[in-house]
Amino acid sequence: MKKLLLLILLIGVCAAQSQIKFEDFFENKTLRIDYYRVGGAKGETTVIDKVLKYGEWYGNPDQVISPFQMGRNRIKLYDLTTNQLIYSRGYDNYFGEYQVSTIALAGKDRSYFETALVPLPKRPVMFVLETRDKEYVYHVKFQTKIDPKDYHINSETRKRNDIIVKEIDNGSSHKKVDLVFVGDGYTADDEEKFRADLTKYTKVLFEQEPYKSRKDDFNVYGVMSPSVESGVDEPRKGVYKNTVLNCTFNSLDSERYLLTEDVETLYDIVSQVPCDAIAIMCNIDRYGGGGIYNFYATFTASNQRDDYVFLHEFGHSFAGLADEYYTSDVAYTDFYPKGIEPAEPNITALLDKDHLKWKDLMSPGLGIPTEWGKETFDSLNTTIGKLYKERAKKLKSAKTESEKKKITSETRERVRETYAALDKFLKEHPLRGKVGVFEGAGYSSKGLYRPTLNSIMHKFTKEDKSYYPVSAKAINDMIDFYTK
């Protein structure tokens with residue numbers, strides 16, 4: 001086995017660059033590999049749960065090996081007859097985020113379910129799972145032989161009684177991006193609202209460039225598996241809802257982070273339709289969401305800012321875009337190790353100025369890095385935090401309800417004025433919309449840089465819903481991967 005693994009690693013680079021003929025290695029069916037990642041900050045174990053085969057495989061047969069170097073994880077299939085790499089995909093995952101959370105760093109281990117959907121091999125393969133270390137180097141974490149003829153592989157007909165809506169049909173799934181909206185927290189009585197929300201957010205997506213220009217490259221489906229109760233879990237409020245996907249706020253103990261751990265049910269639901277990308281639409285009016293590359297995106301469907309949240313989180317999950325903000329609290333510790341260039345296309349550690357990721361998209365005349373008045377912005381942002389701390393201190397000493405109301409009202413007004421000053425700073429900035437190298441990104445005030453002053457991947461102001469050239473190019477590259 002060690003000799004085989006060494007051979008696999010040696011030939012992997014060359015094989016990845018060769019053209020794989022789909023029909024030589026695969027049948028046009030789906031192989032689903034379910035597994036658990038178990039562990040925490042100090043290590044992990046992978047355990048196969050089950051292997052299934054069913055239905056058509058809907059991916060692009062001309063793109064079985066991914067050209068992208070994104071994702072902290074990577075799955076690979078090696079044909080054991082030829083020792084050739086025949087399939088690969090990068091992805092991020094909930095477990096990887098957990099490993100750098102304060103909870104995991106405190107020593108608590110957890111288990112997380114994951115699924116790999118791959119085309120069904122014609123011959124036995126080696127399934128390999130790789131994970132990056134702190135130096136961003138991939139290492140094999142798990143491998144196992146899978147024989148497609150193994151009678152233990154479950155091939156039963158999988159039927160559910162879910163509501164399926166084909167919102168947009170542009171043709172063969174093999175050359176389209178198949179986007180699936182899955183509803184959570186919609187009861188049987190909420191079907192009309194689910195259909196309306198599906199139409200609404202499909203429209204939101206295709207009113208926004210670059211999706212607008214690429215609408216003909218998408219098929220869009222909606223799948224609603226009715227929940228017992230409307231809404232989702234809100235643990236800090238003591239609210240728990242019986243929903244089909246068990247989506248919950250306070251994921252990784254972050255107030256607005258909305259995720260599900262029930263990935264098995266999620267993939268049971270989406271297995272009914274062609275699926276390249278998943279957006280979980282949660283039936284609640286609270287602000288929040290989440291997005292994990294090649295995993296899924298979540299957003300709440302009834303909040304006044306949910307068009308922004310959906311576009312932001314879908315940017316993470318579909319195109320592997322990074323968060324470009326640095327002023328909000330997050331659940332991670334050292335998510336981007338110092339001295340390592342991030343894999344995401346829209347942030348950089350600027351370790352090599354001569355080979356900047358978006359060098360060809362730079363606006364003329366801008367320096368590297370680009371001066372943008374960061375001190376002024378940071379001062380305004382710090383003021384907001386101070387105002388909230390002052391309010392908390394004053395409320396503790398307040399003796400009457402009228403005093404408390406006055407303190408709250410005064411703080412709210414001063415915060416509103418400060419946010420207005422921040423918005424004015426960004427809206428009237430002479431570099432707005434220009435592509436440069438702006439310090440402050442990826443949750444770090446220093447050492448990481450973003451391509452524009454503001455964008456939909458920031459949280460500085462949610463009024464700016466443009467991806468701008470760098471992120472737009474990454475999205476177009478991903479659409480090409482599924483369609484070319």
# chains A, B, ... in the order shown; residues from 1 in each chain; ligands from 1
>>> residues_around(residues="Asp92 (chain A)", least_positions_apart="5", cutoff="9 Å", atoms="only C-alpha atoms", output="PyMOL selection string")
chain A and resi 70-74+97+292-295+317+320
>>> write_last_selection(atoms="N, CA and C atoms", output="CSV table (one decimal), in the first residue's frame")
chain,number,residue,atom,x,y,z
A,70,MET,N,-8.1,26.0,-4.8
A,70,MET,CA,-8.8,26.5,-3.7
A,70,MET,C,-9.3,25.4,-2.8
A,71,GLY,N,-9.6,25.8,-1.5
A,71,GLY,CA,-10.2,24.8,-0.6
A,71,GLY,C,-9.1,24.2,0.3
A,72,ARG,N,-9.4,24.1,1.6
A,72,ARG,CA,-8.5,23.5,2.5
A,72,ARG,C,-8.5,22.0,2.5
A,73,ASN,N,-9.4,21.5,1.7
A,73,ASN,CA,-9.5,20.0,1.5
A,73,ASN,C,-9.6,19.7,0.0
A,74,ARG,N,-9.3,18.5,-0.3
A,74,ARG,CA,-9.3,18.1,-1.7
A,74,ARG,C,-9.6,16.6,-1.8
A,97,GLU,N,-13.5,24.7,9.7
A,97,GLU,CA,-13.7,25.9,10.5
A,97,GLU,C,-13.7,25.6,12.0
A,292,ILE,N,-19.7,28.3,2.6
A,292,ILE,CA,-18.5,27.5,2.6
A,292,ILE,C,-18.2,26.9,1.2
A,293,TYR,N,-17.0,27.1,0.7
A,293,TYR,CA,-16.7,26.8,-0.7
A,293,TYR,C,-17.0,25.3,-1.0
A,294,ASN,N,-17.7,25.1,-2.1
A,294,ASN,CA,-18.1,23.8,-2.6
A,294,ASN,C,-18.8,23.0,-1.5
A,295,PHE,N,-19.5,23.6,-0.6
A,295,PHE,CA,-20.2,22.9,0.5
A,295,PHE,C,-21.7,23.4,0.4
A,317,SER,N,-19.5,30.3,-1.3
A,317,SER,CA,-19.7,28.9,-1.6
A,317,SER,C,-19.5,28.5,-3.1
A,320,GLY,N,-15.6,30.5,-4.1
A,320,GLY,CA,-14.4,30.4,-3.2
A,320,GLY,C,-13.9,31.8,-2.8
>>> residues_around(residues="Thr418 (chain A)", least_positions_apart="3", cutoff="8 Å", atoms="only C-alpha atoms", output="list in words")
Leu380, Asn381, Thr383, Ile384, Arg414, Val415, Ala421 and Leu422 of chain A
>>> residues_around(residues="Tyr35 (chain A)", least_positions_apart="2", cutoff="8 Å", atoms="only C-alpha atoms", output="list in words")
Ile33, Arg37, Thr46, Val47, Ile48, Asp49, Lys50, Phe113, Glu114 and Thr115 of chain A
>>> closest_residue(among="A:Phe181, A:Lys434, A:Thr408, A:Tyr240", to="Phe310 (chain A)", atoms="only C-alpha atoms")
A:Phe181
>>> closest_residue(among="A:Asp477, A:Glu264, A:Glu390, A:Asp178", to="Ala116 (chain A)", atoms="only C-alpha atoms")
A:Glu264
>>> select_by_dssp(residues="region 314-455 of chain A", states="alpha helix (DSSP H)", output="PyMOL selection string")
chain A and resi 314-319+374-397+401-427
>>> closest_residue(among="A:Val38, A:Leu179, A:Ala196, A:Leu80", to="Ser111 (chain A)", atoms="only C-alpha atoms")
A:Val38
>>> closest_residue(among="A:Thr82, A:Ser173, A:Gln272, A:Asn283", to="Asn60 (chain A)", atoms="only C-alpha atoms")
A:Ser173
>>> closest_residue(among="A:Ser471, A:Thr45, A:Thr452, A:Ser379", to="Leu431 (chain A)", atoms="only C-alpha atoms")
A:Thr452
>>> closest_residue(among="A:Asp62, A:Glu56, A:Glu428, A:Asp162", to="Glu191 (chain A)", atoms="only C-alpha atoms")
A:Asp162
>>> residues_around(residues="Lys427 (chain A)", least_positions_apart="2", cutoff="10 Å", atoms="only C-alpha atoms", output="list in words")
Ala421, Leu422, Asp423, Lys424, Phe425, His429, Pro430, Leu431, Arg432, Gly433, Leu453, Asn454, Thr461, Glu463 and Asp464 of chain A
>>> atom_distance(atom1="CA of Pro342 (chain A)", atom2="CA of Tyr136 (chain A)")
8.3 Å
>>> closest_atom_pairs(of="region 239-331 of chain A", to="region 141-160 of chain A", cutoff="10 Å", atoms="only C-alpha atoms", output="Markdown table")
| residue | atom | partner | partner_atom | distance |
| --- | --- | --- | --- | --- |
| A:Asp268 | CA | A:Arg158 | CA | 8.4 |
| A:Ile269 | CA | A:Arg160 | CA | 7.8 |
| A:Ser271 | CA | A:Arg158 | CA | 8.4 |
| A:Gln272 | CA | A:Lys159 | CA | 7.9 |
>>> residues_around(residues="Lys473 (chain A)", least_positions_apart="3", cutoff="10 Å", atoms="only C-alpha atoms", output="list in words")
Pro210, Ala319, Pro345, Asn346, Trp358, Leu361, Tyr467, Tyr468, Pro469, Val470, Asn476, Asp477, Met478 and Ile479 of chain A
>>> write_last_selection(atoms="C-alpha atoms", output="mmCIF file, in the first residue's frame")
data_model
loop_
_atom_site.group_PDB
_atom_site.id
_atom_site.type_symbol
_atom_site.label_atom_id
_atom_site.label_comp_id
_atom_site.auth_asym_id
_atom_site.auth_seq_id
_atom_site.Cartn_x
_atom_site.Cartn_y
_atom_site.Cartn_z
ATOM 1 C CA PRO A 210 -21.593 38.752 -13.624
ATOM 2 C CA ALA A 319 -16.569 30.856 -6.323
ATOM 3 C CA PRO A 345 -8.683 34.804 -5.505
ATOM 4 C CA ASN A 346 -9.786 38.101 -3.908
ATOM 5 C CA TRP A 358 -5.022 40.635 -9.911
ATOM 6 C CA LEU A 361 -6.944 44.158 -13.420
ATOM 7 C CA TYR A 467 -18.502 42.181 -6.885
ATOM 8 C CA TYR A 468 -16.135 44.381 -8.970
ATOM 9 C CA PRO A 469 -13.597 42.985 -11.485
ATOM 10 C CA VAL A 470 -11.480 40.630 -9.351
ATOM 11 C CA ASN A 476 -16.872 33.779 -14.434
ATOM 12 C CA ASP A 477 -13.985 31.298 -14.202
ATOM 13 C CA MET A 478 -16.141 29.017 -12.070
ATOM 14 C CA ILE A 479 -19.096 29.271 -14.445
#
>>> decode(residues="region 165-178 of chain A", atoms="all heavy atoms", output="PDB file, in the first residue's frame")
ATOM      1  N   VAL A 165     -39.426  22.303  -7.716  1.00  0.00           N
ATOM      2  CA  VAL A 165     -39.785  23.353  -8.667  1.00  0.00           C
ATOM      3  C   VAL A 165     -38.600  23.581  -9.607  1.00  0.00           C
ATOM      4  O   VAL A 165     -37.473  23.787  -9.150  1.00  0.00           O
ATOM      5  CB  VAL A 165     -40.119  24.682  -7.949  1.00  0.00           C
ATOM      6  CG1 VAL A 165     -40.523  25.746  -8.966  1.00  0.00           C
ATOM      7  CG2 VAL A 165     -41.213  24.474  -6.906  1.00  0.00           C
ATOM      8  N   LYS A 166     -38.844  23.517 -10.903  1.00  0.00           N
ATOM      9  CA  LYS A 166     -37.801  23.879 -11.865  1.00  0.00           C
ATOM     10  C   LYS A 166     -38.027  25.338 -12.241  1.00  0.00           C
ATOM     11  O   LYS A 166     -38.910  25.672 -13.019  1.00  0.00           O
ATOM     12  CB  LYS A 166     -37.841  22.974 -13.098  1.00  0.00           C
ATOM     13  CG  LYS A 166     -36.749  23.294 -14.108  1.00  0.00           C
ATOM     14  CD  LYS A 166     -36.721  22.301 -15.265  1.00  0.00           C
ATOM     15  CE  LYS A 166     -35.874  21.098 -14.941  1.00  0.00           C
ATOM     16  NZ  LYS A 166     -35.622  20.257 -16.150  1.00  0.00           N
ATOM     17  N   GLU A 167     -37.228  26.221 -11.650  1.00  0.00           N
ATOM     18  CA  GLU A 167     -37.419  27.666 -11.827  1.00  0.00           C
ATOM     19  C   GLU A 167     -36.870  28.157 -13.156  1.00  0.00           C
ATOM     20  O   GLU A 167     -37.470  28.992 -13.828  1.00  0.00           O
ATOM     21  CB  GLU A 167     -36.756  28.415 -10.667  1.00  0.00           C
ATOM     22  CG  GLU A 167     -37.024  29.894 -10.611  1.00  0.00           C
ATOM     23  CD  GLU A 167     -38.434  30.231 -10.165  1.00  0.00           C
ATOM     24  OE1 GLU A 167     -39.182  29.313  -9.755  1.00  0.00           O
ATOM     25  OE2 GLU A 167     -38.797  31.417 -10.232  1.00  0.00           O
ATOM     26  N   ILE A 168     -35.699  27.642 -13.562  1.00  0.00           N
ATOM     27  CA  ILE A 168     -35.090  28.008 -14.848  1.00  0.00           C
ATOM     28  C   ILE A 168     -34.539  26.748 -15.496  1.00  0.00           C
ATOM     29  O   ILE A 168     -33.807  25.981 -14.860  1.00  0.00           O
ATOM     30  CB  ILE A 168     -33.954  29.037 -14.678  1.00  0.00           C
ATOM     31  CG1 ILE A 168     -34.492  30.373 -14.167  1.00  0.00           C
ATOM     32  CG2 ILE A 168     -33.214  29.251 -16.003  1.00  0.00           C
ATOM     33  CD1 ILE A 168     -33.418  31.414 -13.942  1.00  0.00           C
ATOM     34  N   ASP A 169     -34.883  26.528 -16.751  1.00  0.00           N
ATOM     35  CA  ASP A 169     -34.405  25.370 -17.507  1.00  0.00           C
ATOM     36  C   ASP A 169     -33.736  25.871 -18.775  1.00  0.00           C
ATOM     37  O   ASP A 169     -34.393  26.310 -19.712  1.00  0.00           O
ATOM     38  CB  ASP A 169     -35.570  24.446 -17.834  1.00  0.00           C
ATOM     39  CG  ASP A 169     -35.116  23.184 -18.571  1.00  0.00           C
ATOM     40  OD1 ASP A 169     -33.909  23.053 -18.858  1.00  0.00           O
ATOM     41  OD2 ASP A 169     -35.980  22.328 -18.856  1.00  0.00           O
ATOM     42  N   ASN A 170     -32.405  25.785 -18.799  1.00  0.00           N
ATOM     43  CA  ASN A 170     -31.648  26.244 -19.965  1.00  0.00           C
ATOM     44  C   ASN A 170     -30.972  25.105 -20.720  1.00  0.00           C
ATOM     45  O   ASN A 170     -30.107  25.344 -21.560  1.00  0.00           O
ATOM     46  CB  ASN A 170     -30.605  27.277 -19.538  1.00  0.00           C
ATOM     47  CG  ASN A 170     -31.209  28.665 -19.353  1.00  0.00           C
ATOM     48  OD1 ASN A 170     -32.050  29.099 -20.139  1.00  0.00           O
ATOM     49  ND2 ASN A 170     -30.793  29.364 -18.304  1.00  0.00           N
ATOM     50  N   GLY A 171     -31.346  23.851 -20.395  1.00  0.00           N
ATOM     51  CA  GLY A 171     -30.796  22.763 -21.187  1.00  0.00           C
ATOM     52  C   GLY A 171     -30.023  21.743 -20.378  1.00  0.00           C
ATOM     53  O   GLY A 171     -30.122  21.681 -19.146  1.00  0.00           O
ATOM     54  N   SER A 172     -29.215  20.955 -21.082  1.00  0.00           N
ATOM     55  CA  SER A 172     -28.500  19.824 -20.495  1.00  0.00           C
ATOM     56  C   SER A 172     -27.657  20.225 -19.290  1.00  0.00           C
ATOM     57  O   SER A 172     -26.864  21.173 -19.348  1.00  0.00           O
ATOM     58  CB  SER A 172     -27.596  19.180 -21.546  1.00  0.00           C
ATOM     59  OG  SER A 172     -26.750  18.219 -20.952  1.00  0.00           O
ATOM     60  N   SER A 173     -27.797  19.471 -18.226  1.00  0.00           N
ATOM     61  CA  SER A 173     -27.061  19.754 -16.997  1.00  0.00           C
ATOM     62  C   SER A 173     -25.560  19.574 -17.149  1.00  0.00           C
ATOM     63  O   SER A 173     -24.785  20.140 -16.377  1.00  0.00           O
ATOM     64  CB  SER A 173     -27.569  18.853 -15.870  1.00  0.00           C
ATOM     65  OG  SER A 173     -28.885  19.197 -15.524  1.00  0.00           O
ATOM     66  N   HIS A 174     -25.134  18.784 -18.110  1.00  0.00           N
ATOM     67  CA  HIS A 174     -23.706  18.543 -18.279  1.00  0.00           C
ATOM     68  C   HIS A 174     -22.944  19.809 -18.684  1.00  0.00           C
ATOM     69  O   HIS A 174     -21.723  19.878 -18.512  1.00  0.00           O
ATOM     70  CB  HIS A 174     -23.479  17.453 -19.328  1.00  0.00           C
ATOM     71  CG  HIS A 174     -23.877  16.091 -18.860  1.00  0.00           C
ATOM     72  ND1 HIS A 174     -23.405  15.533 -17.700  1.00  0.00           N
ATOM     73  CD2 HIS A 174     -24.721  15.172 -19.396  1.00  0.00           C
ATOM     74  CE1 HIS A 174     -23.926  14.324 -17.538  1.00  0.00           C
ATOM     75  NE2 HIS A 174     -24.736  14.084 -18.551  1.00  0.00           N
ATOM     76  N   LYS A 175     -23.641  20.790 -19.225  1.00  0.00           N
ATOM     77  CA  LYS A 175     -22.984  22.023 -19.643  1.00  0.00           C
ATOM     78  C   LYS A 175     -23.663  23.252 -19.033  1.00  0.00           C
ATOM     79  O   LYS A 175     -23.647  24.339 -19.611  1.00  0.00           O
ATOM     80  CB  LYS A 175     -22.985  22.128 -21.169  1.00  0.00           C
ATOM     81  CG  LYS A 175     -22.087  21.094 -21.849  1.00  0.00           C
ATOM     82  CD  LYS A 175     -20.609  21.347 -21.555  1.00  0.00           C
ATOM     83  CE  LYS A 175     -19.723  20.359 -22.305  1.00  0.00           C
ATOM     84  NZ  LYS A 175     -18.271  20.611 -22.076  1.00  0.00           N
ATOM     85  N   LYS A 176     -24.253  23.082 -17.853  1.00  0.00           N
ATOM     86  CA  LYS A 176     -24.880  24.186 -17.133  1.00  0.00           C
ATOM     87  C   LYS A 176     -24.461  24.134 -15.667  1.00  0.00           C
ATOM     88  O   LYS A 176     -24.063  23.083 -15.154  1.00  0.00           O
ATOM     89  CB  LYS A 176     -26.411  24.116 -17.207  1.00  0.00           C
ATOM     90  CG  LYS A 176     -26.976  24.123 -18.626  1.00  0.00           C
ATOM     91  CD  LYS A 176     -26.689  25.439 -19.359  1.00  0.00           C
ATOM     92  CE  LYS A 176     -27.210  25.378 -20.795  1.00  0.00           C
ATOM     93  NZ  LYS A 176     -26.839  26.603 -21.569  1.00  0.00           N
ATOM     94  N   VAL A 177     -24.567  25.276 -14.995  1.00  0.00           N
ATOM     95  CA  VAL A 177     -24.448  25.307 -13.544  1.00  0.00           C
ATOM     96  C   VAL A 177     -25.833  24.985 -12.987  1.00  0.00           C
ATOM     97  O   VAL A 177     -26.788  25.716 -13.234  1.00  0.00           O
ATOM     98  CB  VAL A 177     -23.998  26.686 -13.030  1.00  0.00           C
ATOM     99  CG1 VAL A 177     -23.912  26.669 -11.499  1.00  0.00           C
ATOM    100  CG2 VAL A 177     -22.668  27.094 -13.630  1.00  0.00           C
ATOM    101  N   ASP A 178     -25.946  23.889 -12.268  1.00  0.00           N
ATOM    102  CA  ASP A 178     -27.227  23.500 -11.668  1.00  0.00           C
ATOM    103  C   ASP A 178     -27.268  24.001 -10.227  1.00  0.00           C
ATOM    104  O   ASP A 178     -26.603  23.447  -9.342  1.00  0.00           O
ATOM    105  CB  ASP A 178     -27.395  21.985 -11.715  1.00  0.00           C
ATOM    106  CG  ASP A 178     -27.534  21.466 -13.135  1.00  0.00           C
ATOM    107  OD1 ASP A 178     -28.460  21.923 -13.830  1.00  0.00           O
ATOM    108  OD2 ASP A 178     -26.702  20.636 -13.550  1.00  0.00           O
TER     109      ASP A 178
END
